[in-house]
Each structure stands twice: as C-alpha cells, then as structure tokens.
Protein chains: 2
Amino acid sequence: MPTGELPLLDTPRPERADAARNRRRVLDAAAALFAERGVDGVAMEKVARAAGVGKGTLFRRFGDRQGLLVALLDDAERRLQDALLRGPPPLGPGAPAEERLLAFLHGLVELLEERGDIVRASERSSPGARLRTAAYAGWHLHVAVLLGELRPDADAAALAHVLLAPLAADTWLGLRREGGLGRAALTALVAEQWSRAAVSGTPGSP
Amino acid sequence: MPTGELPLLDTPRPERADAARNRRRVLDAAAALFAERGVDGVAMEKVARAAGVGKGTLFRRFGDRQGLLVALLDDAERRLQDALLRGPPPLGPGAPAEERLLAFLHGLVELLEERGDIVRASERSSPGARLRTAAYAGWHLHVAVLLGELRPDADAAALAHVLLAPLAADTWLGLRREGGLGRAALTALVAEQWSRAAVSGTPGSP
DNA sequence: CATCATCCGGACCAGCGGTCCAGTTCGGCT
DNA sequence: AGCCGAACTGGACCGCTGGTCCGGATGATG
C-alpha cells in the first residue's frame, strides 16, 4: 500500500475531461432542440450533430433515447425530491399532512409546466413506463405516506395512484392544451379532488 | 335524366364485394395478431401478410395505423355510446344522474378490460391524441352533462376531464398491471372519487 | 515521454410506416 | 351476354429512425 491517499472506492472512474465536456454539450443541445422543434420532432442524430458530436458518443453516454430524456429531467426531478425530503415546510417535513400534500401538488405542477414535454416523452417511451420511473416511485411514496396519516382507513397506496392520475404528463398537457384549461384552474380543480379524498367517511354519510 | 331510380345521394359507393371481404379479413387478422403478440409488436406489413393481403390494400382501406386501430375499436365504442343514448337505465336515460354516472364508469371499465391494449395504442398514437378522439368527446360530454345536474355550482366540463383522467388507457392499464391493483378494487376506488366529486360543498365546511 | 485504457465519430444495419403504380377484377350498362 | 371504365390489388420501393461497431484519436498516469 503506497501513501495514504483517498482510494476513491465509491467512484470507479472520475470520467475523462473530454467526456464531461461532451456530455454537457449534448445536454445543452438537446434541451435547445427539444424546446425549438418539439421532442418528437428531433431524431437522435440531429441532437448529436447539433452538439458537434458523433452518434456513437451520444449513445455511449446515454444508452438510448430514453436515457437522454431521463438525464435531461434528472436535475429538476432531483430538486423536487430533495425539497420533499429535506426542504423547508410546507413542501418539506414539519407542516401538517394536508398542507404538504397541496404544496407537493403545486411543486409537481411547476415541474410539468416547466418541462412537461420532456416528462411526457419520457413517460411515453414505452407502454406503462410511467409507473416504472424512479421519479414516479418517489412521488407516489410521498403522497401515500401523507395520505396514510390523513386516512388511516383507506388503502393509501392505491388512492395515491388514483390521485396522481391527472398529473400523468400526457393527461396534464392534454387538458392544458387540447382541453383548453388554464394552469390555475386545473390546479385548483385537482387540489379540490385531493382535498375531498383526504377526509375520511363515505360521501353519503352525515 | 334517365328513369326515376333512387340516386343514392348519401351513399357515394356501396363498396365492392372483394373489398368488403378483404376488410373483414384484415380486421380479423389484426385482432388475432394484436391479441397474440401485443399491439406494439406487430408491424403493419405483418397484419397484411397474415390477412393474405398486400400492404397497399391495407393502407388504402384504413389510411394509416391509427385508422386501423380506430376501426378495430369502432364496434365496442359505438355499442357503449348507443347504450348511453338509447339503452335501458341505469346506463341509458331514465335513472338518477349519479346512478347513470356509476353505470357509465362500469361500462367504460368493461371496455378497457376487454380492449385496453388497443385503446391504449390508439390513444398513444400521437401526443395528446386522446382528447381529440371522437369516443372521448362522447364520454366527456356524457359525464359533463350528468355532473352539471349534480353540481350546478361547478365547472362540469373541466371536472369531467379530471374525473376521466384515471381512465386514460395508459393510466388504467398501468395501475392494473405495473401497479398491481385488481379490477374491482381500482373500479371501487375511482367510483368513490366520482361520488365524492358529485356532491356540492367544499371539503372543509360543516 | 511512453503506455494504455478510454473515448470518439461516422459508416453501417435492420425494421418501420407509408407511397406508388402497373396489372387485375368487379359490376352496371347496353 | 359481353364490354368497358372504375375501383381494387399487392409488392417493390422510399426515407427515416434508433441503435451497433470498430479503427483511430486522445486523455490520464508514472
């Protein structure tokens, strides 16, 4: 054993400088192109070309198209997730469950309004892909836990899935665009459904 | 002007016999193949081949892939739509609005369970395609009208969109398969949300 | 400065949805 | 009965896409 330098056990390889530079280039070019032409209107080769990079490099870095989309989303999703776990209330811990629920709803809406097209493309990459997403798993867990506090009688996990349904990217964007609903109106409507779902007791009862 | 025979103004052409025969063949072959290999795993050329028909014929008849899917769904969707407009209560007219709403929910679930994969493929054919579907327009109108009776205070059209969100084919099938929720449980859960949405008054009120 | 793992990039591939058109078949009219 | 135009047929063909491959270039290391 040589000197006592840190062995960097958890970081297999630091990643070469040119590789890092090219990854940045690709990410930037992809974001710009997607914003300009729409996610579906941009082939992988165009992304590579715009980034001044070969197609092989692009696929080596991100695996496949889906991987590129995930990488583009990574920042925003991680930010929301961090805010849920460690951020200040009412998004983070410390506020009453219902407030946290509504704060999360607004956070998710923000994400959809900001990066909706990319989220949609990611969720559409294969049938049923949404539920298999790491991001969705996190959101669902968060909602299920909070709901479990408010409605100990209910199947919180299943209910959380149903409440998250209108926030599927394709559904949300469809209602916003084809459906002609405004962001505030639609958010308020979903918030109301969440609030109604958050109280115990069957509808018909006194 | 020759004899006074009926000019058949509304029927441009009755469709030739071989054309009708081939259409039936294509529809049958497509249904069988889709059921066997999954909708996404079957290319248009395979359908043509299995039907004993040329690719050109297939596209001439149905326009494009989306058209074939719509044709496959046409029967089932029209049947539901007819039941809503002219069928016996509680699905058809004559029952109280809330009962009709729940009956419709069950009918739609039935359709999704029976032909879910095809509905999904049809709704996935392009981003936001679902809302532009004739079938969705009919369902939405139905729900909006009934909701309008129960909740004159609310924006029934918008609320109807939100209530229909869990029944987007991709969402429904995702929850049923990846989500591991049973048909009865999921239906009951959605029914409860609909019931909660059907009563006036804000959640926090006495 | 030598060495070698790593990375680069564009040629290449198979498969897809969709188009085209020369040949065939149908069915109403005489 | 038989003809003739319209409608139908089917497979070769096209452009494009996501994804693979490998000879050569380039960075880090001692």
# chains A, B, ... in the order shown; residues from 1 in each chain; ligands from 1
>>> interface_residues(of="chain D", to="chain A", cutoff="10 Å", atoms="only C-alpha atoms (C1' of nucleotides)", output="count of residues only")
9
>>> select_by_dssp(residues="segment 2-206 of chain B", states="helix (DSSP H, G or I)", output="number ranges by chain")
B: 17-37, 39-41, 44-50, 55-62, 65-86, 97-123, 129-132, 134-150, 156-167, 169-176, 183-198
>>> write_last_selection(atoms="C-alpha atoms", output="CSV table (one decimal), in the first residue's frame")
chain,number,residue,atom,x,y,z
B,17,ALA,CA,-67.7,-7.3,-52.7
B,18,ASP,CA,-64.0,-8.2,-52.6
B,19,ALA,CA,-63.1,-5.0,-50.8
B,20,ALA,CA,-65.6,-5.9,-48.1
B,21,ARG,CA,-64.3,-9.4,-47.9
B,22,ASN,CA,-60.7,-8.1,-47.5
B,23,ARG,CA,-61.7,-5.6,-44.9
B,24,ARG,CA,-63.1,-8.3,-42.8
B,25,ARG,CA,-60.0,-10.4,-43.3
B,26,VAL,CA,-57.8,-7.6,-42.2
B,27,LEU,CA,-59.8,-6.8,-39.1
B,28,ASP,CA,-59.9,-10.4,-38.0
B,29,ALA,CA,-56.2,-11.0,-38.6
B,30,ALA,CA,-55.3,-7.7,-36.9
B,31,ALA,CA,-57.3,-8.6,-33.8
B,32,ALA,CA,-55.8,-12.1,-33.6
B,33,LEU,CA,-52.2,-10.8,-34.1
B,34,PHE,CA,-52.6,-8.0,-31.6
B,35,ALA,CA,-54.0,-10.3,-29.0
B,36,GLU,CA,-51.2,-12.7,-29.6
B,37,ARG,CA,-48.1,-10.6,-30.0
B,39,VAL,CA,-50.2,-4.3,-30.3
B,40,ASP,CA,-46.7,-2.7,-30.4
B,41,GLY,CA,-45.1,-6.0,-31.5
B,44,MET,CA,-48.5,-3.2,-40.5
B,45,GLU,CA,-46.8,-5.5,-43.0
B,46,LYS,CA,-47.3,-8.5,-40.7
B,47,VAL,CA,-51.0,-7.7,-40.5
B,48,ALA,CA,-51.2,-7.5,-44.3
B,49,ARG,CA,-49.4,-10.8,-44.6
B,50,ALA,CA,-51.5,-12.6,-42.0
B,55,LYS,CA,-49.7,-3.7,-47.8
B,56,GLY,CA,-51.1,-1.3,-50.3
B,57,THR,CA,-54.6,-2.7,-49.7
B,58,LEU,CA,-54.2,-2.3,-46.0
B,59,PHE,CA,-53.3,1.3,-46.2
B,60,ARG,CA,-55.8,2.1,-48.9
B,61,ARG,CA,-58.6,0.8,-46.6
B,62,PHE,CA,-57.6,2.3,-43.3
B,65,ARG,CA,-52.0,2.6,-38.5
B,66,GLN,CA,-54.2,4.8,-36.4
B,67,GLY,CA,-57.1,4.2,-38.7
B,68,LEU,CA,-56.8,0.5,-38.3
B,69,LEU,CA,-56.9,0.8,-34.6
B,70,VAL,CA,-59.9,3.1,-34.7
B,71,ALA,CA,-61.7,0.6,-37.0
B,72,LEU,CA,-60.9,-2.2,-34.5
B,73,LEU,CA,-62.4,-0.1,-31.7
B,74,ASP,CA,-65.3,1.2,-33.6
B,75,ASP,CA,-67.7,-1.6,-32.7
B,76,ALA,CA,-67.2,-1.6,-29.0
B,77,GLU,CA,-67.1,2.1,-28.7
B,78,ARG,CA,-70.3,2.6,-30.7
B,79,ARG,CA,-72.0,0.0,-28.6
B,80,LEU,CA,-71.2,1.8,-25.4
B,81,GLN,CA,-72.2,5.1,-26.9
B,82,ASP,CA,-75.5,3.7,-28.1
B,83,ALA,CA,-76.2,2.3,-24.7
B,84,LEU,CA,-75.6,5.7,-23.1
B,85,LEU,CA,-78.0,7.5,-25.5
B,86,ARG,CA,-80.7,4.9,-26.2
B,97,ALA,CA,-77.7,11.2,-12.6
B,98,GLU,CA,-75.4,9.7,-10.0
B,99,GLU,CA,-76.5,6.1,-10.8
B,100,ARG,CA,-76.0,6.8,-14.5
B,101,LEU,CA,-72.5,8.1,-13.8
B,102,LEU,CA,-71.5,5.0,-12.0
B,103,ALA,CA,-73.1,2.7,-14.6
B,104,PHE,CA,-71.1,4.5,-17.2
B,105,LEU,CA,-68.0,4.1,-15.2
B,106,HIS,CA,-68.5,0.4,-15.1
B,107,GLY,CA,-69.2,0.3,-18.8
B,108,LEU,CA,-66.0,2.2,-19.6
B,109,VAL,CA,-64.0,-0.1,-17.3
B,110,GLU,CA,-65.5,-3.1,-19.1
B,111,LEU,CA,-64.3,-1.6,-22.4
B,112,LEU,CA,-60.8,-1.0,-21.0
B,113,GLU,CA,-60.6,-4.5,-19.6
B,114,GLU,CA,-61.8,-6.0,-22.9
B,115,ARG,CA,-59.9,-3.9,-25.4
B,116,GLY,CA,-57.5,-2.0,-23.3
B,117,ASP,CA,-54.4,-2.6,-25.3
B,118,ILE,CA,-56.0,-1.4,-28.5
B,119,VAL,CA,-57.4,1.6,-26.8
B,120,ARG,CA,-54.1,2.4,-25.3
B,121,ALA,CA,-52.3,2.1,-28.7
B,122,SER,CA,-54.9,4.3,-30.2
B,123,GLU,CA,-54.6,7.0,-27.5
B,129,ALA,CA,-54.4,12.2,-29.2
B,130,ARG,CA,-56.8,11.0,-26.5
B,131,LEU,CA,-58.7,14.3,-26.2
B,132,ARG,CA,-59.1,14.5,-30.0
B,134,ALA,CA,-64.5,11.0,-31.1
B,135,ALA,CA,-65.0,8.4,-28.4
B,136,TYR,CA,-63.5,10.6,-25.7
B,137,ALA,CA,-65.6,13.5,-26.8
B,138,GLY,CA,-68.7,11.4,-26.4
B,139,TRP,CA,-67.7,10.1,-23.0
B,140,HIS,CA,-66.7,13.6,-21.8
B,141,LEU,CA,-69.9,15.1,-22.9
B,142,HIS,CA,-71.9,12.4,-21.1
B,143,VAL,CA,-70.1,12.9,-17.9
B,144,ALA,CA,-70.2,16.6,-18.1
B,145,VAL,CA,-73.9,16.7,-18.6
B,146,LEU,CA,-74.7,14.4,-15.7
B,147,LEU,CA,-72.2,16.3,-13.5
B,148,GLY,CA,-73.9,19.5,-14.4
B,149,GLU,CA,-77.1,18.2,-12.9
B,150,LEU,CA,-75.5,17.2,-9.7
B,156,ALA,CA,-68.8,20.5,-15.0
B,157,ALA,CA,-66.8,20.2,-18.2
B,158,ALA,CA,-63.5,20.7,-16.6
B,159,LEU,CA,-64.4,18.5,-13.7
B,160,ALA,CA,-65.4,15.7,-16.1
B,161,HIS,CA,-62.0,15.8,-17.7
B,162,VAL,CA,-60.3,15.4,-14.3
B,163,LEU,CA,-62.6,12.6,-13.3
B,164,LEU,CA,-61.9,10.8,-16.5
B,165,ALA,CA,-58.1,11.0,-16.0
B,166,PRO,CA,-57.7,7.6,-14.3
B,167,LEU,CA,-59.5,6.0,-17.2
B,169,ALA,CA,-55.9,3.7,-21.2
B,170,ASP,CA,-52.3,4.0,-20.4
B,171,THR,CA,-53.0,5.1,-16.8
B,172,TRP,CA,-55.6,2.4,-16.2
B,173,LEU,CA,-53.6,-0.4,-17.6
B,174,GLY,CA,-50.5,0.8,-15.8
B,175,LEU,CA,-52.3,0.7,-12.5
B,176,ARG,CA,-53.8,-2.7,-13.3
B,183,ARG,CA,-60.1,-4.6,-11.4
B,184,ALA,CA,-62.7,-4.5,-8.6
B,185,ALA,CA,-60.6,-2.6,-6.2
B,186,LEU,CA,-59.5,0.0,-8.7
B,187,THR,CA,-63.0,0.5,-10.0
B,188,ALA,CA,-64.3,0.9,-6.5
B,189,LEU,CA,-61.6,3.5,-5.8
B,190,VAL,CA,-62.4,5.5,-8.8
B,191,ALA,CA,-66.1,5.2,-8.1
B,192,GLU,CA,-65.5,6.7,-4.7
B,193,GLN,CA,-63.7,9.6,-6.1
B,194,TRP,CA,-66.5,10.2,-8.5
B,195,SER,CA,-69.1,10.1,-5.7
B,196,ARG,CA,-67.1,12.5,-3.6
B,197,ALA,CA,-66.8,14.8,-6.6
B,198,ALA,CA,-70.6,14.6,-7.2
>>> atom_distance(atom1="atom C1' of DC14 of chain D", atom2="atom C1' of DA22 of chain C")
18.0 Å
>>> interface_residues(of="chain C", to="chain B", cutoff="8 Å", atoms="only C-alpha atoms (C1' of nucleotides)", output="list in words")
DC16, DG17, DG18 and DC26 of chain C
>>> residues_around(residues="DG23 of chain C", least_positions_apart="3", cutoff="12 Å", atoms="only C-alpha atoms (C1' of nucleotides)", output="PyMOL selection string")
chain D and resi 8-11
>>> write_last_selection(atoms="N, CA and C atoms (P, O5', C5', C4', C3', O3' and C1' of nucleotides)", output="PDB file, in the first residue's frame")
ATOM      1  P    DC D   8     -62.927   0.754 -54.118  1.00  0.00           P
ATOM      2  O5'  DC D   8     -61.963  -0.482 -54.382  1.00  0.00           O
ATOM      3  C5'  DC D   8     -62.545  -1.717 -54.761  1.00  0.00           C
ATOM      4  C4'  DC D   8     -61.453  -2.696 -55.094  1.00  0.00           C
ATOM      5  C3'  DC D   8     -60.411  -2.863 -53.980  1.00  0.00           C
ATOM      6  O3'  DC D   8     -60.310  -4.231 -53.660  1.00  0.00           O
ATOM      7  C1'  DC D   8     -59.371  -2.556 -56.078  1.00  0.00           C
ATOM      8  P    DT D   9     -59.391  -4.710 -52.497  1.00  0.00           P
ATOM      9  O5'  DT D   9     -58.084  -5.146 -53.271  1.00  0.00           O
ATOM     10  C5'  DT D   9     -58.162  -6.174 -54.248  1.00  0.00           C
ATOM     11  C4'  DT D   9     -56.783  -6.441 -54.827  1.00  0.00           C
ATOM     12  C3'  DT D   9     -55.690  -6.647 -53.786  1.00  0.00           C
ATOM     13  O3'  DT D   9     -55.134  -7.932 -53.969  1.00  0.00           O
ATOM     14  C1'  DT D   9     -54.989  -5.145 -55.507  1.00  0.00           C
ATOM     15  P    DG D  10     -54.463  -8.686 -52.771  1.00  0.00           P
ATOM     16  O5'  DG D  10     -52.928  -8.397 -53.051  1.00  0.00           O
ATOM     17  C5'  DG D  10     -52.350  -8.841 -54.263  1.00  0.00           C
ATOM     18  C4'  DG D  10     -50.968  -8.269 -54.429  1.00  0.00           C
ATOM     19  C3'  DG D  10     -50.099  -8.298 -53.165  1.00  0.00           C
ATOM     20  O3'  DG D  10     -48.772  -8.602 -53.545  1.00  0.00           O
ATOM     21  C1'  DG D  10     -50.238  -6.108 -53.920  1.00  0.00           C
ATOM     22  P    DG D  11     -47.982  -9.801 -52.905  1.00  0.00           P
ATOM     23  O5'  DG D  11     -46.482  -9.539 -53.359  1.00  0.00           O
ATOM     24  C5'  DG D  11     -46.196  -9.186 -54.701  1.00  0.00           C
ATOM     25  C4'  DG D  11     -45.339  -7.942 -54.748  1.00  0.00           C
ATOM     26  C3'  DG D  11     -44.214  -7.878 -53.706  1.00  0.00           C
ATOM     27  O3'  DG D  11     -43.094  -7.273 -54.324  1.00  0.00           O
ATOM     28  C1'  DG D  11     -45.464  -5.946 -53.578  1.00  0.00           C
TER      29       DG D  11
END
>>> calpha_fit_rmsd(fixed="chain B", moving="chain A")
0.5 Å
